Structure formats: structure tokens, C-alpha cells
Amino acid sequence: MLKYLARRLLVSIPVLISITIIIFTLTELAPGDVVDYFVSPEMEMSPEAMEALRIRFGLDQPAPVRYLNWLGNLVQGELGYRFTDGQPVLDAVSRRLSASLLLMGTALGIGIVIGIPLGVFIGLRQYSFWDFTFTGFSFLGISTPAFVTGILALLVFSIRLNWFPSGGMRPVASDPTLLSTIHHLMLPSLVLSLNYIATFMRYTRFSMLEVVRADYVTTARAKGLASPAITWRHIVPNAILPVITVVGLSVPGLVVGAVFTETIFSWPGMGTLYLQAVTGRDVPLLMGMNLVIALFVLTANIVTDLAYAIVDPRIRYD
Amino acid sequence: MTKPMTTTTSIATIEQDAPRELKNRALRRFLKHRLATISSVVLLLISLAAIFAPLIASYGYDKIDLRAAGTPPSEAHLLGTDRVGRDIFSRTLYGGQVSLAVGIGATAIATVIGTIIGSLSGYYRGWVDALLMRLTDTVMTFPSIVIMLTLAALLPRSVWNIVLIIGLLSWPAVARLVRGQFLSIREAEFVTAARVIGVPDWRIILVHILPNVFAPLIALITFSVGSAILTEAGLSFLGLGVPPPTPSWGNMLESARNLDILVNVPWMWIPPAITTVLTVLCVNFIGDGIRDAVDPRLVL
């Protein structure tokens, strides 16, 4: 197990480095001059001043040298400074990351708590009224993009009914309290959770239907075990196992944030920051964010695999 | 006619009819899925409306009429006009052309790449498989929206680039499915037989194995079309997709990011919202129907 973990971690390093090289190359190959993106046209800068700016950001050096400089700084724990406002990349990313994790974590939690039990419920009642109702709902859930549910929810619940604030993470005039944060969090996280609920419900239902027909369930019935015992001790635990992978696969998405939902509800998370980084050609920010995202993805994958091995004794890593 | 002759012809017909019989059975099972059948009809109508947009629409998609700007639905403009007086009904029809074409185009690219990678991986196994599957897993687990946003922002905005970006990042599911099928079919006796008589690898892959992979692949391809349509809509919604004035359902929805339009000009964003959801819903129901028809045990 430890050996397996060590090997996975070692393999992760080249993957991380390749991802940063890919992103760096992409920004290099893109047409246009980076400097044009962070100098406003009204400033009327002379060519000499532009050149000075280039030197200050190290942009006068060839691309491979710049990449190696970036990597060298990284090893010393430095993520560099943003092109657009000169602020440290690490500060911006860590602030946005916690906002995104709060939003996405809540949504994922709601998705698990509602989606999986519903899947178990309808999985035990195939072709019943409830099965059709919730399966229909889950199709609607996976077919409706977050930006459509987002704008509808914004229009109905915050603009028309005025139940929730229309955006942001905290009240404008006063300090944020736990209650005000929850109030701001509710609408966007509910919108996001719809998709999770639909996905988890579908997978759980499918997995339940598989297990219900398994031989060991028939054996249990033949032995005369009581129905609830079969359901809760034999069917449900086995049916939930594959759902863990599905939940695990959706964890990497947490760190990217929900670009659409964050945009609609002006949530100060990773999604909106990433949009700023790509549209403003903020290379240091882009590199830093991709590194954080990649780290998170790799960790999430390893944790999912380990979790799977812990709950399912049939799986061994060596 | 002599007796042996009739026997040979009947064997011949049975052999010819076997695949057709299978197809008929699959079709019957598909038609039993009522939602899938209804969805096919609805999707056909939507596609026809989009294809024949030039005949149905009474205005061009970029016909600006400032005097009619922002008018609510009326007889002259069935679904009203936008802020510069373009007819929303016409734009929704033309937008359908773009959205459907992007969905199908991107899925075609993803299917070709996925099939090539999956076939090579499943047929040759060994280090080829290890290498290609590592690549597939990496592309699959890294959130594709990140790379899509990066490419969409860095590349010049055009419909073709959107098709390429979505297609180039959506192939892993296809690759995994094709690989799985190849791994099992390559052990079949007819493949061994072909190899024994010296059929070259490329011919075994293309002619002997690949046709058997299509049935399970069709359901997956259908679902991919739906998700490609949603991805295009999403990128366009963020202003990184199909460039104006070309309409797509996504960039028409972008107008709803303006609070004033969201609240006061609902006819500008409700039509593309409905067509997007309805189309993708139909595509997903059809995919479900196809999966039930060709292989009820396939997990997607």
C-alpha cells in the first residue's frame, strides 16, 4: 500500500511538470504581444517605456529561459506576481480557492446527501411512479446547463421574490457573518447541486439495479433472510461502491470552481479568476492556477483510489 | 428446381437476414422507448427548422433595424427583436444551425480520435496500450473546461476553432469504450482465423473488428453530441465561443448576463434557453433509447 502510494506520488511529478509546460507553450504560441494586454491604450507609452516594462517582467528573455526561471522560483516556493496588478499570485489564488471550495463543497455535499439516497430509493422500485418521476428529473438535470438554471434562479428567487442576494459572497456595507455567508451561498450552491443530484442519482439507481440481480442477493433471499436485512446489509453497501468513483471523479471539478455559476452570481472564486487570467493574458496567474488545479486533481485521484481500497476489501494495490 | 438448390438459397437468405433481423429487433426495442421515439420526432423538427432557416425566417440573422429595436413579440417579429432590432425568431433558427453543427462536428472529431487511440490500444496492448491509456486518463481527469477556456481565449474566435477545441478534448470516453471492445473481440475466433491466413493488422482492425464496435459506440456518440452542444453554449455564454454577429444559442444567451435584459427583455434569452435544453434533452433521451436497444447492460 505504502509502496503503491509512493509510486503514484513519484509518477505525479512528471505529469505536473508536463502540464505547466503545455500551458506555458500555449501562452507562447498564442498570437499577440502579452505586453499589449496589460498596458491600457490610453497610457500612451513610448516604445522605450514599453521596453522597460518588458525587461521588468523578464519578457525580454527567450521563452525557455523564462520557463526555467519560473520553475526555479517555484522550487523556492515562489509563484511570482500577476502581470495585471503586480499582486502575488499565491495570495489571489488562495483567497479564491477557499471561496470556490466553499461553494463547490456545499454543492457536492448537497448532491451526495440527496442524490445517493434518492438513487437507492428508486433503484428498489424500478418502473414505479417515483422511478419515472425522478429519472425524468435527472434527465432534465443533466440536460440543463448551469447557466440556464443559474439565470432562472437569479431571476425568480433573488430579483422577483427577493429571497436571496443577487450576487457576491458578503454584504456590501457590513462585515460578513456566518449567517450572511450562508445566505449568499444558498442560491448558487443549490443551482450547482442540481447537476450533482441528477448524476449521482442516475449512477446509484443503475448500480442498485445491477446488485439486486446479483447471485449473492438471490442466495440471501433463498436462505430466508428478512427483506430489510438483505436491502441494507447486502444490496445498498455493494451498490454504493461504484458510486464512490463517480463522486471522486467530480472532486477535481471543485477546485476549478463553477465558471458559469460564479459568473452569474459574481462569486469571487477560481472560475471567475481563471476567466480574468485567460482574457487578460496574465501568464504568471495562469501558470500558478494550473499548477494548483493539477495538484488538486492528482491528489483527488489518489485519495479516491485509496478510499476505494479501504471500503472494498476485494481491491488490493501492490 | 432441384431440392438441394432450394436448401442453398434458403441458407443464403438466412445468412443475409441475420444482421437485418438483429437491426429490426434493435429498432423495435428503440420504438418501445416512448420518450426516445417522441424525442426523435422533436429533434427532427428542430433540425429541419434549423436547416431550412433561410426559407422559414423572414429576416436575415444579422439584419439590423434600429427603429424596431427591443420590440416585444408581435406579428411582424414573432419572438420580438433584440437591442439593435434583429429578429429573435430568425436568429434562433440560424443559431440552431451553428449549435447543431458544432455539436455534430466536435463529436465527429472526438469519435475519429477516440476510435484510433482505442483501436490501437486495444489491439496491440502492451506498451502501446499503457502509453495511450495514460494519456487518456490524464485528459479525462484534468478538468477539460480549464483547457477549453485557455484555448478559446488564446486562439482567434471562430466557429471552426470551437469545433476543434471541443473535439480535441472530448475523445477519452470514446477511446476507453473502443479499447474495451477491441480487447474482447480480438480474442474471438474469426480474428484468430484472419490472422492465421495472413490478413494484415490494419485490415483486421478496420474490416474485421471495427464494424463490431459500432453498436455500443452509437449510444455514446449520441450523448457526446448533447454535451458538445452544451459546451459550445457555455463557451459562447462566457463570450469565448462563436463570435458575433453569427448567432448561436449560447451567444444569444450571453445577453442574459446583463441584468437589465434578464429582467426586462425576457424574449431575448428565453427562446435560445428553451431550444438548448429541449435539443439536449431529446438527444439524451435518444441516446438512452439507443443504449437500451443495442445493449441494455452498457454503463455510461
# chains A, B, ... in the order shown; residues from 1 in each chain; ligands from 1
$ interface_residues --of "chain B" --to "chain A" --cutoff "7 Å" --atoms "only C-alpha atoms" --output "list in words"
Phe142, Pro143, Thr150, Ala153, Leu154, Leu155, Leu230, Arg257, Val263, Ala273, Val277, Val280 and Leu281 of chain B
$ select_by_dssp --residues "region 98-255 of chain A" --states "helix (DSSP H, G or I)" --output "PyMOL selection string"
chain A and resi 98-123+129-143+146-160+178-212+215-222+227-250+252-255
$ closest_residue --among "B:Gly80, B:Gly105, B:Gly95, B:Pro245" --to "Ala228 (chain B)" --atoms "only C-alpha atoms"
B:Gly105
$ atom_distance --atom1 "CA of Met252 (chain B)" --atom2 "CA of Asp288 (chain B)"
28.8 Å
$ closest_residue --among "A:Val236, A:Ala214, A:Ala229, A:Ile182" --to "Phe121 (chain A)" --atoms "only C-alpha atoms"
A:Val236
$ residues_around --residues "region 56-67 of chain B" --least-positions-apart "6" --cutoff "10 Å" --atoms "only C-alpha atoms" --output "PDB file with C-alpha atoms, in the first residue's frame"
ATOM      1  CA  ALA B  49     -36.263  24.191 -38.818  1.00  0.00           C
ATOM      2  CA  ALA B  50     -32.553  24.970 -38.464  1.00  0.00           C
ATOM      3  CA  ALA B  76     -44.016  41.403 -37.515  1.00  0.00           C
ATOM      4  CA  HIS B  77     -41.489  39.812 -35.142  1.00  0.00           C
ATOM      5  CA  LEU B  78     -42.842  36.533 -33.783  1.00  0.00           C
ATOM      6  CA  THR B  81     -36.270  41.796 -31.510  1.00  0.00           C
ATOM      7  CA  ASP B  82     -33.009  42.414 -29.676  1.00  0.00           C
ATOM      8  CA  ARG B  83     -31.376  45.720 -28.758  1.00  0.00           C
ATOM      9  CA  VAL B  84     -30.396  46.507 -32.350  1.00  0.00           C
ATOM     10  CA  GLY B  85     -33.639  45.306 -33.885  1.00  0.00           C
ATOM     11  CA  ARG B  86     -32.543  41.857 -35.093  1.00  0.00           C
ATOM     12  CA  ASP B  87     -35.390  39.362 -35.281  1.00  0.00           C
ATOM     13  CA  ILE B  88     -35.089  36.820 -32.421  1.00  0.00           C
ATOM     14  CA  PHE B  89     -37.076  34.112 -34.222  1.00  0.00           C
ATOM     15  CA  SER B  90     -34.759  34.249 -37.241  1.00  0.00           C
ATOM     16  CA  ARG B  91     -31.679  34.324 -35.034  1.00  0.00           C
ATOM     17  CA  THR B  92     -32.899  31.316 -33.048  1.00  0.00           C
ATOM     18  CA  LEU B  93     -33.346  29.341 -36.287  1.00  0.00           C
ATOM     19  CA  TYR B  94     -29.933  30.296 -37.661  1.00  0.00           C
ATOM     20  CA  GLY B  95     -28.418  29.805 -34.209  1.00  0.00           C
ATOM     21  CA  PRO B 244     -20.983  37.669 -33.204  1.00  0.00           C
ATOM     22  CA  PRO B 245     -22.778  38.557 -35.424  1.00  0.00           C
ATOM     23  CA  THR B 246     -23.091  34.810 -36.199  1.00  0.00           C
ATOM     24  CA  PRO B 247     -25.818  33.646 -33.823  1.00  0.00           C
TER      25      PRO B 247
END
$ residues_around --residues "Ala293 (chain B)" --least-positions-apart "5" --cutoff "12 Å" --atoms "only C-alpha atoms" --output "PyMOL selection string"
chain B and resi 22-33+36-37+215-216+218-219+286-288+298
$ write_last_selection --atoms "C-alpha atoms" --output "PDB file, in the first residue's frame"
ATOM      1  CA  LEU B  22     -30.865  -8.021 -35.365  1.00  0.00           C
ATOM      2  CA  LYS B  23     -31.314  -4.495 -36.644  1.00  0.00           C
ATOM      3  CA  ASN B  24     -35.086  -4.894 -36.712  1.00  0.00           C
ATOM      4  CA  ARG B  25     -35.087  -6.164 -33.163  1.00  0.00           C
ATOM      5  CA  ALA B  26     -32.978  -3.206 -32.063  1.00  0.00           C
ATOM      6  CA  LEU B  27     -35.317  -0.832 -33.891  1.00  0.00           C
ATOM      7  CA  ARG B  28     -38.365  -2.398 -32.240  1.00  0.00           C
ATOM      8  CA  ARG B  29     -36.778  -2.051 -28.825  1.00  0.00           C
ATOM      9  CA  PHE B  30     -35.903   1.581 -29.587  1.00  0.00           C
ATOM     10  CA  LEU B  31     -39.500   2.332 -30.619  1.00  0.00           C
ATOM     11  CA  LYS B  32     -40.721   0.792 -27.351  1.00  0.00           C
ATOM     12  CA  HIS B  33     -38.808   3.510 -25.500  1.00  0.00           C
ATOM     13  CA  ALA B  36     -36.863   8.250 -27.271  1.00  0.00           C
ATOM     14  CA  THR B  37     -39.365   7.955 -30.118  1.00  0.00           C
ATOM     15  CA  ALA B 215     -23.350  -0.756 -31.941  1.00  0.00           C
ATOM     16  CA  PRO B 216     -22.230   0.106 -28.400  1.00  0.00           C
ATOM     17  CA  ILE B 218     -23.573   4.797 -31.180  1.00  0.00           C
ATOM     18  CA  ALA B 219     -25.194   5.480 -27.798  1.00  0.00           C
ATOM     19  CA  ILE B 286     -32.471   9.198 -27.881  1.00  0.00           C
ATOM     20  CA  GLY B 287     -29.095   8.094 -26.526  1.00  0.00           C
ATOM     21  CA  ASP B 288     -30.870   6.294 -23.693  1.00  0.00           C
ATOM     22  CA  LEU B 298     -23.896  -0.887 -21.137  1.00  0.00           C
TER      23      LEU B 298
END
$ atom_distance --atom1 "CA of Phe190 (chain B)" --atom2 "CA of Leu210 (chain B)"
13.0 Å
$ residues_around --residues "Val225 (chain B)" --least-positions-apart "4" --cutoff "10 Å" --atoms "only C-alpha atoms" --output "list in words"
Leu100, Ala101, Val102, Gly103, Ile104, Gly105, Ala106, Thr107, Ala108, Leu220, Ile221, Ile229, Leu230, Thr231, Val280, Val283, Asn284 and Gly287 of chain B
$ residues_around --residues "region 193-208 of chain B" --least-positions-apart "6" --cutoff "9 Å" --atoms "only C-alpha atoms" --output "ChimeraX atom specification"
/B:119-120,123,182,186
$ residues_around --residues "Met287 (chain A)" --least-positions-apart "3" --cutoff "8 Å" --atoms "only C-alpha atoms" --output "list of chain:residue names"
A:Thr20, A:Ile23, A:Phe24, A:Val283, A:Pro284, A:Asn290, A:Leu291
$ write_last_selection --atoms "C-alpha atoms" --output "short mmCIF file (atom, residue, chain, number, x, y, z; two decimals), in the first residue's frame"
data_model
loop_
_atom_site.label_atom_id
_atom_site.label_comp_id
_atom_site.auth_asym_id
_atom_site.auth_seq_id
_atom_site.Cartn_x
_atom_site.Cartn_y
_atom_site.Cartn_z
CA THR A 20 2.88 23.53 -16.77
CA ILE A 23 0.17 25.79 -20.55
CA PHE A 24 3.34 27.84 -20.95
CA VAL A 283 0.70 34.37 -17.71
CA PRO A 284 2.04 34.08 -14.11
CA ASN A 290 -2.99 25.48 -13.50
CA LEU A 291 -0.36 24.17 -11.12
#
$ atom_distance --atom1 "CA of Ser144 (chain B)" --atom2 "CA of Gly289 (chain B)"
27.4 Å
